[in-house]
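Q: Following this message is one structure expressed as structure tokens.
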Amino acid sequence: MASQEQQKYDVVIVGAGMAGMYMLHKLRGQGMRAIVIEAGSDVGGTWYWNRYPGCRCDVPSVEYSFSFSKELEQEWNWTEIMAAQPEILEYVNHVADRFDLRRDMVFNSRVSAASFDEDAKHWTVTTEQGESYTADFCVMATGCLSMPNKPEFPGADRFKGEVYHTGMWPKEAVDFAGKRVAVIGSGSSGVQAIPVIAEQAGEVIAIQRSPVYTFPANNRKLEDGYMDLAKADYATIREQQRNSQTGIIYYSPRRPKPEGAVPGKPKRRPSKTILELTPEQRKQEIRDFGFNVLSQYVDVHTDPEANEIACELYRETLRELVKDPAVADQLAPKNYPIGCKRPVIDTDYYLAFNRPNVRLVDLRETGPIEEITETGLRTQNGAHIEFDMLVYATGFDAMTGALKRMDITGRGGRKLVEKWEDGPRTYLGLQISGFPNMFTITGPGSPSVLSNVIVSIEQHVDWIADCLSYLRGHDLHVIEAEEQAESDWVAHVNEVAKGTMFTAPTCNSWYLGSNIPGKPRIFMPYVAGVHTYRQKCDEIAADGYRGFALAG
Ligand code: N01
């Protein structure tokens with residue numbers, strides 16, 4: 001490790017996921033001295049930690065990629081519409097190699113604390129390994145879904161078999177052959193893992209607390225010529241992504257028609273609203289456009305009546321996929337709307353329950369998990385379920401967990417955990433009043449998890465880098481969100497989320513923090529979309545960083 005004298009930087013960045021990587025690259029380009037501190041042994045963040053079977057992205061691969069380097073865009077070839085975790089990790093490693101990022105990164109170092117020194121006007125970041133780094137600015141690139149949630153079941157350490165968490169999956173291959181594998185959780189991770197584990201294991205026992213609305217990924221290999229067309233279209237793709245709601249445009253290359261081809265009948269578009277259709281027309285649209293159409297009707301996301309119609313059609317379609325009517329009924333989500341939780345995208349999830357080696361345990365019938373035993377788990381009704389391996393697919397303490405697990409101290413000795421006791425408060429999801437010179441990438445109050453996160457990461461990194469360059473250019477050394485601007489932003493974030501399915505009274509989701517016992521129920525991301533959000537951030541910067549106090 002570098003000597004103490006060398007450990008003074010312009011910027012210390014916490015996290016070597018895609019946000020930390022691009023932040024480092026961008027700051028280097030501005031001649032700033034930056035260092036990245038990372039708990040893992042290499043780059044990748046989410047894609048480093050989540051190596052469970054079946055893990056893949058739900059954003060098309062050409063869109064889930066960096067746009068900051070035209071050369072990088074032109075040299076990288078994706079192989080599938082939606083890339084699997086190994087391919088994304090390969091891409092991330094390629095980026096790290098190509099831009100020689102690792103030389104300014106420290107691995108296997110978990111940041112335990114960060115504190116602002118008001119006199120020296122710098123941050124000191126310390127790690128569990130005992131290292132310490134000082135820098136004028138601190139950028140938290142700690143990710144939104146990086147603090148695994150492992151429920152504390154009584155007796156958990158008594159279990160004699162292997163135990164895994166999808167969000168902390170080992171690098172070594174896990175051997176499921178012949179084993180009875182229990183998977184707790186039916187969110188995106190469980191839904192992706194269960195069908196793949198079922199192909200290898202003796203038996204899979206899916207332990208479900210809440211059934212999910214999950215939609216087919218319709219993934220496939222990219223056809224020949226796809227990447228060439230995408231490469232030629234990248235400039236347009238990026239422009240459209242930045243001007244969209246979510247940063248995802250579902251790009252499809254326009255191929256030249258073969259010579260002499262007769263134009264076919266134009267494909268009908270699905271209806272915009274579900275309410276305008278008769279019951280028979282609704283079924284016809286599902287036949288024509290697939291199950292996914294249900295989440296595409298605009299009124300499903302705004303009108304409870306339309307939503308209930310979609311939910312009922314969803315349950316009907318599910319019954320056609322799952323052979324055992326009792327299992328289909330257990331898998332059917334009820335009592336909360338489509339669009340409340342993060343959409344789950346799957347490959348053959350329901351079909352897995354038609355396999356003889358997949359069994360569903362519905363905790364709504366058995367009561368919650370009461371304890372883990374040496375050989376399995378016991379539910380509230382006294383039933384004992386035996387297995388050899390336990391997989392927690394129980395998600396994350398989202399958006400605030402990674403920040404709150406560090407002891408962050410701002411001005412006047414104020415702790416972040418105290419400030420956020422009743423829920424996160426930020427200005428633009430970029431800064432926190434009372435914590436000068438600290439930035440959060442994709443923090444609560446920004447579109448983050450409601451968007452293609454790479455689009456949001458690039459926008460935040462560019463904004464922060466421009467801001468630091470502005471401060472330098474004006475001989476300013478301190479920037480801090482003003483209390484009032486922060487309060488106004490928090491109110492705005494809440495206001496725009498009102499009336500959406502995300503905040504419906506029957507909705508419980510990690511967006512609202514409801515998956516973590518005791519976490520305040522606050523809707524954390526910003527729903528107005530990446531385009532609107534970018535405009536607001538740009539206007540604020542153009543207005544001399546309105547709402548931020550700047551000091552020399
Ligand atoms: O986590 P989750 P995840 N007893 O919180 C259950 C991204 N992601 O890792 O719904 C029993 O969604 C819990 O039950 P309930 C994506 O943004 C993306 O699956 O709280 N069960 C739920 O079923 C995603 O939304 C991909 O009642 C318990 C499950 O565990 C986010 O990460 C792939 C329990 C947790 O589901 C999180 O997904 C993977 C308990 N005590 C992840 N506690 C892509 O496709 C929790 N559960 C790109």
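Chain lettering (A, B, ...) mirrors the order of the structure tokens, residue numbering begins at 1 for each chain separately, and ligand numbering begins at 1 in order of display.
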Check which residues fall inside 6 Å of ligand 1 when counting only C-alpha atoms and all ligand atoms, and print them as a PyMOL selection string.
A: chain A and resi 56-58+151+184-190+209-210+342+345+393-396+510+515
Q: So that I can check the surroundings of A:Gln74, please list as an MDAnalysis selection string every protein, DNA and RNA residue that reaches within 7 Å of it, counting only C-alpha atoms and ignoring chain neighbours fewer than 3 positions away.
A: chainID A and resid 70:71 231
Q: Using only C-alpha atoms, which of A:Pro195, A:Pro325, A:Gly382, A:Gly443 sits nearest A:Pro525?
A: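 For A:Pro525, the nearest of the given residues is A:Gly443.
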Q: I'd like a table as a tab-separated table: residues in stretch 392-503 of chain A with an atom no more than 9 Å from stretch 337-341 of chain A, each row giving the shortest atom pair and its distance in Å to one decimal, only C-alpha atoms counted, sorted by chain and rising residue number.
A:
```
residue	atom	partner	partner_atom	distance
A:Thr500	CA	A:Cys340	CA	8.2
A:Met501	CA	A:Cys340	CA	4.9
A:Phe502	CA	A:Cys340	CA	4.2
A:Thr503	CA	A:Cys340	CA	7.0
```
Q: Pull N, CA, C and O atoms from the residues just selected and write them as a short mmCIF file (atom, residue, chain, number, x, y, z; two decimals), in the first residue's frame.
A:
```cif
data_model
loop_
_atom_site.label_atom_id
_atom_site.label_comp_id
_atom_site.auth_asym_id
_atom_site.auth_seq_id
_atom_site.Cartn_x
_atom_site.Cartn_y
_atom_site.Cartn_z
N THR A 500 -49.27 7.07 -7.96
CA THR A 500 -48.71 5.98 -8.78
C THR A 500 -48.91 4.67 -8.01
O THR A 500 -49.17 4.69 -6.80
N MET A 501 -48.76 3.56 -8.72
CA MET A 501 -48.91 2.26 -8.06
C MET A 501 -47.78 2.01 -7.05
O MET A 501 -47.90 1.20 -6.16
N PHE A 502 -46.66 2.75 -7.23
CA PHE A 502 -45.52 2.57 -6.34
C PHE A 502 -45.89 2.87 -4.88
O PHE A 502 -45.32 2.32 -3.96
N THR A 503 -46.82 3.82 -4.71
CA THR A 503 -47.13 4.25 -3.34
C THR A 503 -48.57 3.86 -2.95
O THR A 503 -49.10 4.40 -1.99
#
```
Q: Considering only C-alpha atoms, return as number ranges by chain whatever protein or nucleic-acid residues lie within 9 Å of A:His122, sequence-local ones (same chain, fewer than 5 positions apart) excluded.
A: A: 115-117, 134-138, 437
Q: Write a file of the just-selected residues containing all heavy atoms, as an mmCIF file, in the first residue's frame.
A:
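Writing the result to part.cif gives the following:
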```cif
data_model
loop_
_atom_site.group_PDB
_atom_site.id
_atom_site.type_symbol
_atom_site.label_atom_id
_atom_site.label_comp_id
_atom_site.auth_asym_id
_atom_site.auth_seq_id
_atom_site.Cartn_x
_atom_site.Cartn_y
_atom_site.Cartn_z
ATOM 1 N N SER A 115 -15.430 10.877 7.777
ATOM 2 C CA SER A 115 -15.829 12.062 8.554
ATOM 3 C C SER A 115 -15.229 13.320 7.935
ATOM 4 O O SER A 115 -14.131 13.311 7.364
ATOM 5 C CB SER A 115 -15.414 11.915 10.019
ATOM 6 O OG SER A 115 -14.036 11.880 10.109
ATOM 7 N N PHE A 116 -16.001 14.401 8.071
ATOM 8 C CA PHE A 116 -15.594 15.671 7.484
ATOM 9 C C PHE A 116 -14.916 16.522 8.546
ATOM 10 O O PHE A 116 -15.468 16.727 9.644
ATOM 11 C CB PHE A 116 -16.825 16.399 6.924
ATOM 12 C CG PHE A 116 -16.470 17.671 6.199
ATOM 13 C CD1 PHE A 116 -15.726 17.640 5.026
ATOM 14 C CD2 PHE A 116 -16.879 18.907 6.687
ATOM 15 C CE1 PHE A 116 -15.395 18.819 4.351
ATOM 16 C CE2 PHE A 116 -16.563 20.085 6.015
ATOM 17 C CZ PHE A 116 -15.810 20.037 4.849
ATOM 18 N N ASP A 117 -13.722 17.007 8.220
ATOM 19 C CA ASP A 117 -12.984 17.894 9.122
ATOM 20 C C ASP A 117 -13.281 19.326 8.692
ATOM 21 O O ASP A 117 -12.871 19.748 7.603
ATOM 22 C CB ASP A 117 -11.485 17.555 9.010
ATOM 23 C CG ASP A 117 -10.633 18.397 9.943
ATOM 24 O OD1 ASP A 117 -10.966 19.590 10.150
ATOM 25 O OD2 ASP A 117 -9.632 17.866 10.454
ATOM 26 N N THR A 134 -7.266 10.693 3.091
ATOM 27 C CA THR A 134 -7.909 12.008 3.183
ATOM 28 C C THR A 134 -8.033 12.592 1.778
ATOM 29 O O THR A 134 -7.182 12.368 0.908
ATOM 30 C CB THR A 134 -7.123 12.980 4.082
ATOM 31 O OG1 THR A 134 -5.836 13.139 3.537
ATOM 32 C CG2 THR A 134 -7.047 12.521 5.504
ATOM 33 N N ALA A 135 -9.104 13.357 1.607
ATOM 34 C CA ALA A 135 -9.359 13.956 0.292
ATOM 35 C C ALA A 135 -10.272 15.163 0.484
ATOM 36 O O ALA A 135 -11.049 15.216 1.433
ATOM 37 C CB ALA A 135 -10.022 12.940 -0.628
ATOM 38 N N ASP A 136 -10.185 16.099 -0.457
ATOM 39 C CA ASP A 136 -11.054 17.276 -0.382
ATOM 40 C C ASP A 136 -12.523 16.893 -0.554
ATOM 41 O O ASP A 136 -13.406 17.490 0.045
ATOM 42 C CB ASP A 136 -10.678 18.286 -1.474
ATOM 43 C CG ASP A 136 -9.241 18.771 -1.295
ATOM 44 O OD1 ASP A 136 -8.753 18.711 -0.156
ATOM 45 O OD2 ASP A 136 -8.625 19.165 -2.305
ATOM 46 N N PHE A 137 -12.738 15.917 -1.416
ATOM 47 C CA PHE A 137 -14.108 15.508 -1.718
ATOM 48 C C PHE A 137 -14.241 13.995 -1.552
ATOM 49 O O PHE A 137 -13.259 13.262 -1.748
ATOM 50 C CB PHE A 137 -14.484 15.882 -3.161
ATOM 51 C CG PHE A 137 -14.449 17.369 -3.395
ATOM 52 C CD1 PHE A 137 -13.289 17.971 -3.875
ATOM 53 C CD2 PHE A 137 -15.546 18.162 -3.111
ATOM 54 C CE1 PHE A 137 -13.234 19.339 -4.078
ATOM 55 C CE2 PHE A 137 -15.506 19.533 -3.305
ATOM 56 C CZ PHE A 137 -14.341 20.132 -3.787
ATOM 57 N N CYS A 138 -15.466 13.586 -1.231
ATOM 58 C CA CYS A 138 -15.725 12.155 -1.087
ATOM 59 C C CYS A 138 -16.926 11.817 -1.975
ATOM 60 O O CYS A 138 -17.944 12.510 -1.924
ATOM 61 C CB CYS A 138 -16.030 11.856 0.374
ATOM 62 S SG CYS A 138 -16.524 10.167 0.661
ATOM 63 N N ASN A 437 -19.151 18.628 0.657
ATOM 64 C CA ASN A 437 -18.132 17.990 -0.197
ATOM 65 C C ASN A 437 -18.294 16.480 -0.335
ATOM 66 O O ASN A 437 -17.375 15.795 -0.779
ATOM 67 C CB ASN A 437 -16.707 18.293 0.303
ATOM 68 C CG ASN A 437 -16.334 19.743 0.044
ATOM 69 O OD1 ASN A 437 -17.174 20.539 -0.373
ATOM 70 N ND2 ASN A 437 -15.072 20.080 0.282
#
```
Q: Find, counting only C-alpha atoms, the residue in A:Phe387, A:Tyr251, A:Phe66, A:Tyr427 that gets nearest to A:Ala485.
A: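 Comparing A:Phe387, A:Tyr251, A:Phe66, A:Tyr427 against A:Ala485, the winner is A:Tyr427.
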Q: Using Å and a single decimal, report how far atom CA of A:Glu80 sits from atom CA of A:Ile286.
A: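 According to the coordinates, atom CA of A:Ile286 and atom CA of A:Glu80 are separated by 25.1 Å.
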